[in-house]
file final-v5.pdb (PDB, C-alpha atoms)
ATOM      1  CA  VAL A   1     113.646 114.894  82.187  1.00  0.00           C
ATOM      2  CA  THR A   2     110.634 115.730  84.354  1.00  0.00           C
ATOM      3  CA  GLY A   3     110.291 119.277  83.116  1.00  0.00           C
ATOM      4  CA  VAL A   4     112.009 122.433  82.026  1.00  0.00           C
ATOM      5  CA  TYR A   5     112.150 125.555  84.146  1.00  0.00           C
ATOM      6  CA  LEU A   6     113.391 128.825  82.689  1.00  0.00           C
ATOM      7  CA  ASP A   7     114.056 131.440  85.352  1.00  0.00           C
ATOM      8  CA  SER A   8     114.703 135.149  85.137  1.00  0.00           C
ATOM      9  CA  PRO A   9     116.103 137.484  87.797  1.00  0.00           C
ATOM     10  CA  ALA A  10     113.646 140.174  86.676  1.00  0.00           C
ATOM     11  CA  ALA A  11     110.648 140.931  88.850  1.00  0.00           C
ATOM     12  CA  GLY A  12     107.271 139.928  87.504  1.00  0.00           C
ATOM     13  CA  LEU A  13     104.742 137.183  87.209  1.00  0.00           C
ATOM     14  CA  SER A  14     105.791 133.598  86.591  1.00  0.00           C
ATOM     15  CA  TYR A  15     103.233 131.095  85.383  1.00  0.00           C
ATOM     16  CA  HIS A  16     103.648 127.352  85.741  1.00  0.00           C
ATOM     17  CA  SER A  17     101.202 124.646  84.787  1.00  0.00           C
ATOM     18  CA  ILE A  18     101.148 120.952  85.602  1.00  0.00           C
ATOM     19  CA  GLY A  19      98.614 118.353  84.670  1.00  0.00           C
ATOM     20  CA  VAL A  20      97.971 115.118  82.864  1.00  0.00           C
ATOM     21  CA  ASN A  21      94.781 113.959  81.200  1.00  0.00           C
ATOM     22  CA  GLY A  22      93.004 111.483  83.444  1.00  0.00           C
ATOM     23  CA  ALA A  23      94.869 112.507  86.606  1.00  0.00           C
ATOM     24  CA  ALA A  24      93.063 112.742  89.925  1.00  0.00           C
ATOM     25  CA  VAL A  25      94.149 114.742  92.979  1.00  0.00           C
ATOM     26  CA  PRO A  26      95.879 111.741  94.664  1.00  0.00           C
ATOM     27  CA  ASP A  27      98.065 111.338  91.556  1.00  0.00           C
ATOM     28  CA  TYR A  28      99.794 114.628  92.380  1.00  0.00           C
ATOM     29  CA  LEU A  29     100.409 113.435  95.931  1.00  0.00           C
ATOM     30  CA  ARG A  30     102.197 110.350  94.582  1.00  0.00           C
ATOM     31  CA  CYS A  31     104.753 112.451  92.683  1.00  0.00           C
ATOM     32  CA  PRO A  32     108.013 111.749  94.539  1.00  0.00           C
ATOM     33  CA  HIS A  33     109.565 115.139  93.718  1.00  0.00           C
ATOM     34  CA  PHE A  34     106.473 117.315  94.138  1.00  0.00           C
ATOM     35  CA  VAL A  35     107.717 119.283  97.182  1.00  0.00           C
ATOM     36  CA  ARG A  36     111.291 119.442  95.861  1.00  0.00           C
ATOM     37  CA  ASP A  37     110.054 120.967  92.606  1.00  0.00           C
ATOM     38  CA  LEU A  38     107.747 123.354  94.485  1.00  0.00           C
ATOM     39  CA  ARG A  39     110.772 124.668  96.396  1.00  0.00           C
ATOM     40  CA  MET A  40     112.297 125.697  93.080  1.00  0.00           C
ATOM     41  CA  LEU A  41     109.126 127.575  92.107  1.00  0.00           C
ATOM     42  CA  HIS A  42     108.287 128.930  95.583  1.00  0.00           C
ATOM     43  CA  PRO A  43     104.703 129.811  94.603  1.00  0.00           C
ATOM     44  CA  ASP A  44     103.017 132.873  96.065  1.00  0.00           C
ATOM     45  CA  ALA A  45      99.650 131.808  94.644  1.00  0.00           C
ATOM     46  CA  VAL A  46      98.279 128.531  93.348  1.00  0.00           C
ATOM     47  CA  VAL A  47      95.192 128.126  91.197  1.00  0.00           C
ATOM     48  CA  PHE A  48      93.716 124.638  91.500  1.00  0.00           C
ATOM     49  CA  GLY A  49      91.811 123.521  88.426  1.00  0.00           C
ATOM     50  CA  ILE A  50      91.771 119.795  89.160  1.00  0.00           C
ATOM     51  CA  GLY A  51      89.146 117.438  90.484  1.00  0.00           C
ATOM     52  CA  ILE A  52      86.868 116.532  87.575  1.00  0.00           C
ATOM     53  CA  ASN A  53      88.376 113.038  87.360  1.00  0.00           C
ATOM     54  CA  ASP A  54      87.891 112.519  91.095  1.00  0.00           C
ATOM     55  CA  ALA A  55      84.193 113.329  90.782  1.00  0.00           C
ATOM     56  CA  ASN A  56      83.561 111.423  87.544  1.00  0.00           C
ATOM     57  CA  VAL A  57      82.782 108.222  89.452  1.00  0.00           C
ATOM     58  CA  ALA A  58      79.611 106.443  90.516  1.00  0.00           C
ATOM     59  CA  VAL A  59      80.338 106.910  94.236  1.00  0.00           C
ATOM     60  CA  PHE A  60      82.112 110.169  95.079  1.00  0.00           C
ATOM     61  CA  ASP A  61      83.799 110.316  98.487  1.00  0.00           C
ATOM     62  CA  THR A  62      83.745 113.990  99.468  1.00  0.00           C
ATOM     63  CA  VAL A  63      85.738 113.320 102.649  1.00  0.00           C
ATOM     64  CA  ALA A  64      88.605 111.649 100.761  1.00  0.00           C
ATOM     65  CA  PHE A  65      88.458 114.374  98.087  1.00  0.00           C
ATOM     66  CA  ARG A  66      88.796 117.113 100.715  1.00  0.00           C
ATOM     67  CA  GLN A  67      91.600 115.250 102.501  1.00  0.00           C
ATOM     68  CA  SER A  68      93.552 114.841  99.250  1.00  0.00           C
ATOM     69  CA  TYR A  69      93.199 118.526  98.491  1.00  0.00           C
ATOM     70  CA  MET A  70      94.274 119.455 102.038  1.00  0.00           C
ATOM     71  CA  SER A  71      97.360 117.264 101.604  1.00  0.00           C
ATOM     72  CA  LEU A  72      98.210 119.231  98.451  1.00  0.00           C
ATOM     73  CA  VAL A  73      97.683 122.495 100.334  1.00  0.00           C
ATOM     74  CA  ASP A  74      99.918 121.244 103.158  1.00  0.00           C
ATOM     75  CA  SER A  75     102.647 120.322 100.656  1.00  0.00           C
ATOM     76  CA  ILE A  76     102.505 123.781  99.128  1.00  0.00           C
ATOM     77  CA  ARG A  77     102.434 125.490 102.520  1.00  0.00           C
ATOM     78  CA  SER A  78     105.545 123.524 103.539  1.00  0.00           C
ATOM     79  CA  VAL A  79     107.317 125.541 100.840  1.00  0.00           C
ATOM     80  CA  ASN A  80     105.503 128.857 101.382  1.00  0.00           C
ATOM     81  CA  PRO A  81     103.200 129.167 104.402  1.00  0.00           C
ATOM     82  CA  ASP A  82     101.801 132.432 102.995  1.00  0.00           C
ATOM     83  CA  CYS A  83     100.789 131.002  99.618  1.00  0.00           C
ATOM     84  CA  ALA A  84      97.343 132.104  98.419  1.00  0.00           C
ATOM     85  CA  PHE A  85      94.901 129.621  96.880  1.00  0.00           C
ATOM     86  CA  ILE A  86      92.168 129.874  94.281  1.00  0.00           C
ATOM     87  CA  PHE A  87      89.953 126.846  93.835  1.00  0.00           C
ATOM     88  CA  ILE A  88      88.179 126.448  90.497  1.00  0.00           C
ATOM     89  CA  THR A  89      85.079 124.308  90.947  1.00  0.00           C
ATOM     90  CA  ASN A  90      84.502 121.382  88.617  1.00  0.00           C
ATOM     91  CA  ASN A  91      82.459 121.955  85.519  1.00  0.00           C
ATOM     92  CA  ASP A  92      79.133 120.210  85.125  1.00  0.00           C
ATOM     93  CA  SER A  93      79.579 116.801  83.507  1.00  0.00           C
ATOM     94  CA  TYR A  94      77.775 113.659  82.436  1.00  0.00           C
ATOM     95  CA  PHE A  95      78.360 109.898  82.619  1.00  0.00           C
ATOM     96  CA  LYS A  96      78.252 107.797  79.481  1.00  0.00           C
ATOM     97  CA  VAL A  97      75.521 105.191  80.075  1.00  0.00           C
ATOM     98  CA  GLY A  98      75.249 103.676  76.613  1.00  0.00           C
ATOM     99  CA  ARG A  99      75.955 104.274  72.994  1.00  0.00           C
ATOM    100  CA  ARG A 100      75.426 108.013  72.543  1.00  0.00           C
ATOM    101  CA  ARG A 101      73.456 108.129  75.812  1.00  0.00           C
ATOM    102  CA  TYR A 102      74.522 110.232  78.765  1.00  0.00           C
ATOM    103  CA  SER A 103      73.282 110.794  82.284  1.00  0.00           C
ATOM    104  CA  VAL A 104      73.935 113.846  84.428  1.00  0.00           C
ATOM    105  CA  ASN A 105      76.713 113.477  86.986  1.00  0.00           C
ATOM    106  CA  PRO A 106      75.359 114.793  90.321  1.00  0.00           C
ATOM    107  CA  ASN A 107      78.873 114.835  91.826  1.00  0.00           C
ATOM    108  CA  GLY A 108      79.697 118.262  90.387  1.00  0.00           C
ATOM    109  CA  ALA A 109      77.472 119.921  92.969  1.00  0.00           C
ATOM    110  CA  LEU A 110      79.036 117.835  95.751  1.00  0.00           C
ATOM    111  CA  ALA A 111      82.561 118.754  94.632  1.00  0.00           C
ATOM    112  CA  ARG A 112      81.501 122.407  94.443  1.00  0.00           C
ATOM    113  CA  ASP A 113      80.534 122.303  98.127  1.00  0.00           C
ATOM    114  CA  VAL A 114      83.949 120.839  98.989  1.00  0.00           C
ATOM    115  CA  PHE A 115      85.727 123.642  97.110  1.00  0.00           C
ATOM    116  CA  TYR A 116      83.850 126.274  99.108  1.00  0.00           C
ATOM    117  CA  ARG A 117      84.768 124.476 102.326  1.00  0.00           C
ATOM    118  CA  LEU A 118      88.425 124.283 101.253  1.00  0.00           C
ATOM    119  CA  ALA A 119      88.438 128.007 100.537  1.00  0.00           C
ATOM    120  CA  ARG A 120      87.030 128.769 103.985  1.00  0.00           C
ATOM    121  CA  GLU A 121      89.542 126.472 105.688  1.00  0.00           C
ATOM    122  CA  THR A 122      92.562 127.806 103.797  1.00  0.00           C
ATOM    123  CA  GLY A 123      91.605 131.467 103.511  1.00  0.00           C
ATOM    124  CA  GLY A 124      91.424 130.904  99.771  1.00  0.00           C
ATOM    125  CA  ALA A 125      89.031 132.031  97.079  1.00  0.00           C
ATOM    126  CA  VAL A 126      86.641 130.176  94.756  1.00  0.00           C
ATOM    127  CA  TRP A 127      85.934 130.748  91.100  1.00  0.00           C
ATOM    128  CA  ASP A 128      82.638 128.922  90.676  1.00  0.00           C
ATOM    129  CA  GLN A 129      82.890 127.472  87.179  1.00  0.00           C
ATOM    130  CA  PHE A 130      80.002 125.081  87.946  1.00  0.00           C
ATOM    131  CA  GLU A 131      77.625 127.977  88.625  1.00  0.00           C
ATOM    132  CA  ILE A 132      78.996 130.219  85.872  1.00  0.00           C
ATOM    133  CA  MET A 133      78.303 127.591  83.220  1.00  0.00           C
ATOM    134  CA  GLY A 134      74.720 127.181  84.473  1.00  0.00           C
ATOM    135  CA  GLY A 135      74.868 124.544  87.226  1.00  0.00           C
ATOM    136  CA  LEU A 136      73.593 120.987  87.084  1.00  0.00           C
ATOM    137  CA  LYS A 137      72.696 119.761  83.566  1.00  0.00           C
ATOM    138  CA  SER A 138      74.296 122.805  81.920  1.00  0.00           C
ATOM    139  CA  MET A 139      76.939 120.759  80.075  1.00  0.00           C
ATOM    140  CA  GLU A 140      74.212 119.550  77.718  1.00  0.00           C
ATOM    141  CA  GLN A 141      73.588 123.158  76.675  1.00  0.00           C
ATOM    142  CA  TRP A 142      77.310 123.722  76.239  1.00  0.00           C
ATOM    143  CA  TYR A 143      77.461 120.597  74.054  1.00  0.00           C
ATOM    144  CA  HIS A 144      74.656 121.845  71.808  1.00  0.00           C
ATOM    145  CA  ALA A 145      76.417 125.224  71.580  1.00  0.00           C
ATOM    146  CA  ASN A 146      79.589 123.416  70.352  1.00  0.00           C
ATOM    147  CA  LEU A 147      81.427 124.392  73.540  1.00  0.00           C
ATOM    148  CA  ALA A 148      81.666 120.845  74.971  1.00  0.00           C
ATOM    149  CA  GLN A 149      82.785 117.568  73.475  1.00  0.00           C
ATOM    150  CA  GLU A 150      80.467 114.635  72.935  1.00  0.00           C
ATOM    151  CA  ASP A 151      81.650 112.999  76.189  1.00  0.00           C
ATOM    152  CA  ARG A 152      80.045 115.942  78.043  1.00  0.00           C
ATOM    153  CA  VAL A 153      83.028 116.084  80.395  1.00  0.00           C
ATOM    154  CA  HIS A 154      85.580 117.993  78.335  1.00  0.00           C
ATOM    155  CA  PHE A 155      85.178 121.269  76.494  1.00  0.00           C
ATOM    156  CA  THR A 156      85.910 121.950  72.847  1.00  0.00           C
ATOM    157  CA  ARG A 157      88.702 124.365  71.979  1.00  0.00           C
ATOM    158  CA  ALA A 158      86.117 127.161  71.843  1.00  0.00           C
ATOM    159  CA  GLY A 159      84.745 126.079  75.242  1.00  0.00           C
ATOM    160  CA  TYR A 160      88.176 126.031  76.859  1.00  0.00           C
ATOM    161  CA  MET A 161      88.914 129.459  75.378  1.00  0.00           C
ATOM    162  CA  LEU A 162      85.644 130.828  76.789  1.00  0.00           C
ATOM    163  CA  VAL A 163      86.259 129.345  80.251  1.00  0.00           C
ATOM    164  CA  GLY A 164      89.847 130.629  80.241  1.00  0.00           C
ATOM    165  CA  ASN A 165      88.731 134.121  79.243  1.00  0.00           C
ATOM    166  CA  LEU A 166      86.004 134.165  81.896  1.00  0.00           C
ATOM    167  CA  PHE A 167      88.494 133.102  84.566  1.00  0.00           C
ATOM    168  CA  SER A 168      91.195 135.585  83.546  1.00  0.00           C
ATOM    169  CA  ASP A 169      88.626 138.409  83.381  1.00  0.00           C
ATOM    170  CA  ALA A 170      87.388 137.530  86.885  1.00  0.00           C
ATOM    171  CA  LEU A 171      90.941 137.312  88.227  1.00  0.00           C
ATOM    172  CA  LEU A 172      91.923 140.689  86.766  1.00  0.00           C
ATOM    173  CA  GLU A 173      88.711 142.277  88.022  1.00  0.00           C
ATOM    174  CA  ALA A 174      89.340 140.983  91.563  1.00  0.00           C
ATOM    175  CA  TYR A 175      92.955 142.137  91.393  1.00  0.00           C
ATOM    176  CA  ASN A 176      91.971 145.621  90.250  1.00  0.00           C
ATOM    177  CA  LYS A 177      89.320 145.890  92.983  1.00  0.00           C
ATOM    178  CA  GLN A 178      91.925 144.905  95.574  1.00  0.00           C
ATOM    179  CA  ARG A 179      94.443 147.447  94.245  1.00  0.00           C
ATOM    180  CA  THR A 180      91.981 150.323  94.390  1.00  0.00           C
ATOM    181  CA  ARG A 181      90.558 149.542  97.840  1.00  0.00           C
ATOM    182  CA  PRO A 182      91.246 152.272 100.390  1.00  0.00           C
TER     183      PRO A 182
END
call {"tool": "encode", "arguments": {"input": "final-v5.pdb", "output": "structure tokens"}}
result
Amino acid sequence: VTGVYLDSPAAGLSYHSIGVNGAAVPDYLRCPHFVRDLRMLHPDAVVFGIGINDANVAVFDTVAFRQSYMSLVDSIRSVNPDCAFIFITNNDSYFKVGRRRYSVNPNGALARDVFYRLARETGGAVWDQFEIMGGLKSMEQWYHANLAQEDRVHFTRAGYMLVGNLFSDALLEAYNKQRTRP
């Protein structure tokens, strides 16, 4: 079993989530049934919240990162050419450099630039999580506020709840603005 999909003939919003701890963007491209499964879902909109593992490396290749993302976009567009995309930028993060010692990861800002480029190239939108949380070195503040785990990469439950609420509020606000535009 690779998953369970419950469908309904009723009109409405369907939500689907995929992801595995430690996965990087190329891992999704290696899934042999990715496009087949997308055909079953036929997404009208995709929210990308992946990329932190790609950027949590000493040398971050922005060109390869962009190309991997564009391959994902191409796979999705092969199923629905009109699919809309929202790119969530990576959160700020740190590298572990010793026992209980951490160093800021400068790749978050580089990944953020790639997400903005991807949005321009695909006609997509960006929710700038990196900036919303305070930019470079902000994860340390989130850690001291009990919103990030000691690894300074992942959030605590309270941190994930806050980020999720901020994103859903922004999404609903943008939707409502679009609905009321003349």
call {"tool": "axis_aligned_box", "arguments": {"input": "final-v5.pdb", "around": "range 134-139 of chain A", "padding_each_side": "4 Å", "output": "AutoDock Vina command-line options"}}
result
--center_x 74.8 --center_y 123.5 --center_z 83.7 --size_x 12.2 --size_y 15.4 --size_z 15.2
call {"tool": "residues_around", "arguments": {"input": "final-v5.pdb", "residues": "Gly19 in chain A", "least_positions_apart": "2", "cutoff": "9 Å", "atoms": "only C-alpha atoms", "output": "compact mmCIF listing (two decimals) with C-alpha atoms, in the coordinates of the input"}}
result
# COMPACT_ATOMS: atom_id res chain seq x y z
CA SER A 17 101.20 124.65 84.79
CA ASN A 21 94.78 113.96 81.20
CA GLY A 22 93.00 111.48 83.44
CA ALA A 23 94.87 112.51 86.61
CA TYR A 28 99.79 114.63 92.38
CA ILE A 50 91.77 119.80 89.16
call {"tool": "residues_around", "arguments": {"input": "final-v5.pdb", "residues": "range 134-149 of chain A", "least_positions_apart": "5", "cutoff": "8 Å", "atoms": "all atoms listed in the file", "output": "ChimeraX atom specification"}}
result
/A:91-94,104,106,108-109,154-160
call {"tool": "residues_near_point", "arguments": {"input": "final-v5.pdb", "point": "(81.0, 112.7, 82.6)", "cutoff": "7 Å", "atoms": "all atoms listed in the file", "output": "short mmCIF file (atom, residue, chain, number, x, y, z; two decimals) with C-alpha atoms, keeping the file's coordinate frame"}}
result
data_model
loop_
_atom_site.label_atom_id
_atom_site.label_comp_id
_atom_site.auth_asym_id
_atom_site.auth_seq_id
_atom_site.Cartn_x
_atom_site.Cartn_y
_atom_site.Cartn_z
CA ASN A 56 83.56 111.42 87.54
CA SER A 93 79.58 116.80 83.51
CA TYR A 94 77.78 113.66 82.44
CA PHE A 95 78.36 109.90 82.62
CA LYS A 96 78.25 107.80 79.48
CA ASN A 105 76.71 113.48 86.99
CA ASP A 151 81.65 113.00 76.19
CA ARG A 152 80.04 115.94 78.04
CA VAL A 153 83.03 116.08 80.40
#
call {"tool": "resolve_selection", "arguments": {"input": "final-v5.pdb", "expression": "the PyMOL selection byres ((chain A and resi 83-90) around 9)", "output": "PDB file with C-alpha atoms, keeping the file's coordinate frame"}}
result
ATOM      1  CA  HIS A  42     108.287 128.930  95.583  1.00  0.00           C
ATOM      2  CA  PRO A  43     104.703 129.811  94.603  1.00  0.00           C
ATOM      3  CA  ASP A  44     103.017 132.873  96.065  1.00  0.00           C
ATOM      4  CA  ALA A  45      99.650 131.808  94.644  1.00  0.00           C
ATOM      5  CA  VAL A  46      98.279 128.531  93.348  1.00  0.00           C
ATOM      6  CA  VAL A  47      95.192 128.126  91.197  1.00  0.00           C
ATOM      7  CA  PHE A  48      93.716 124.638  91.500  1.00  0.00           C
ATOM      8  CA  GLY A  49      91.811 123.521  88.426  1.00  0.00           C
ATOM      9  CA  ILE A  50      91.771 119.795  89.160  1.00  0.00           C
ATOM     10  CA  GLY A  51      89.146 117.438  90.484  1.00  0.00           C
ATOM     11  CA  ILE A  52      86.868 116.532  87.575  1.00  0.00           C
ATOM     12  CA  ALA A  55      84.193 113.329  90.782  1.00  0.00           C
ATOM     13  CA  VAL A  73      97.683 122.495 100.334  1.00  0.00           C
ATOM     14  CA  ILE A  76     102.505 123.781  99.128  1.00  0.00           C
ATOM     15  CA  ARG A  77     102.434 125.490 102.520  1.00  0.00           C
ATOM     16  CA  VAL A  79     107.317 125.541 100.840  1.00  0.00           C
ATOM     17  CA  ASN A  80     105.503 128.857 101.382  1.00  0.00           C
ATOM     18  CA  PRO A  81     103.200 129.167 104.402  1.00  0.00           C
ATOM     19  CA  ASP A  82     101.801 132.432 102.995  1.00  0.00           C
ATOM     20  CA  ASN A  91      82.459 121.955  85.519  1.00  0.00           C
ATOM     21  CA  ASP A  92      79.133 120.210  85.125  1.00  0.00           C
ATOM     22  CA  SER A  93      79.579 116.801  83.507  1.00  0.00           C
ATOM     23  CA  GLY A 108      79.697 118.262  90.387  1.00  0.00           C
ATOM     24  CA  ALA A 109      77.472 119.921  92.969  1.00  0.00           C
ATOM     25  CA  ALA A 111      82.561 118.754  94.632  1.00  0.00           C
ATOM     26  CA  ARG A 112      81.501 122.407  94.443  1.00  0.00           C
ATOM     27  CA  ASP A 113      80.534 122.303  98.127  1.00  0.00           C
ATOM     28  CA  VAL A 114      83.949 120.839  98.989  1.00  0.00           C
ATOM     29  CA  PHE A 115      85.727 123.642  97.110  1.00  0.00           C
ATOM     30  CA  TYR A 116      83.850 126.274  99.108  1.00  0.00           C
ATOM     31  CA  LEU A 118      88.425 124.283 101.253  1.00  0.00           C
ATOM     32  CA  ALA A 119      88.438 128.007 100.537  1.00  0.00           C
ATOM     33  CA  THR A 122      92.562 127.806 103.797  1.00  0.00           C
ATOM     34  CA  GLY A 123      91.605 131.467 103.511  1.00  0.00           C
ATOM     35  CA  GLY A 124      91.424 130.904  99.771  1.00  0.00           C
ATOM     36  CA  ALA A 125      89.031 132.031  97.079  1.00  0.00           C
ATOM     37  CA  VAL A 126      86.641 130.176  94.756  1.00  0.00           C
ATOM     38  CA  TRP A 127      85.934 130.748  91.100  1.00  0.00           C
ATOM     39  CA  ASP A 128      82.638 128.922  90.676  1.00  0.00           C
ATOM     40  CA  GLN A 129      82.890 127.472  87.179  1.00  0.00           C
ATOM     41  CA  PHE A 130      80.002 125.081  87.946  1.00  0.00           C
ATOM     42  CA  GLU A 131      77.625 127.977  88.625  1.00  0.00           C
ATOM     43  CA  PHE A 167      88.494 133.102  84.566  1.00  0.00           C
TER      44      PHE A 167
END
call {"tool": "atom_distance", "arguments": {"input": "final-v5.pdb", "atom1": "CA of His16 in chain A", "atom2": "CA of Asp61 in chain A"}}
result
29.1 Å
call {"tool": "closest_residue", "arguments": {"input": "final-v5.pdb", "among": "A:Thr180, A:Met40, A:Ser78, A:Val163", "to": "Ile132 in chain A", "atoms": "all atoms listed in the file"}}
result
A:Val163
call {"tool": "closest_residue", "arguments": {"input": "final-v5.pdb", "among": "A:Leu41, A:Val63, A:Leu171, A:Leu110", "to": "Asp7 in chain A", "atoms": "only C-alpha atoms"}}
result
A:Leu41
call {"tool": "closest_residue", "arguments": {"input": "final-v5.pdb", "among": "A:Arg181, A:Glu150, A:Val35, A:Ser168", "to": "Arg101 in chain A", "atoms": "only C-alpha atoms"}}
result
A:Glu150
call {"tool": "residues_near_point", "arguments": {"input": "final-v5.pdb", "point": "(88.7, 116.8, 94.2)", "cutoff": "6 Å", "atoms": "only C-alpha atoms", "output": "list in words"}}
result
Val25, Gly51, Asp54 and Phe65 of chain A
call {"tool": "atom_distance", "arguments": {"input": "final-v5.pdb", "atom1": "CA of Pro32 in chain A", "atom2": "CA of Leu13 in chain A"}}
result
26.7 Å
call {"tool": "closest_residue", "arguments": {"input": "final-v5.pdb", "among": "A:Gly164, A:Gly12, A:Ala58, A:Tyr5", "to": "Ser103 in chain A", "atoms": "all atoms listed in the file"}}
result
A:Ala58
call {"tool": "atom_distance", "arguments": {"input": "final-v5.pdb", "atom1": "CA of Tyr102 in chain A", "atom2": "CA of Arg66 in chain A"}}
result
27.1 Å
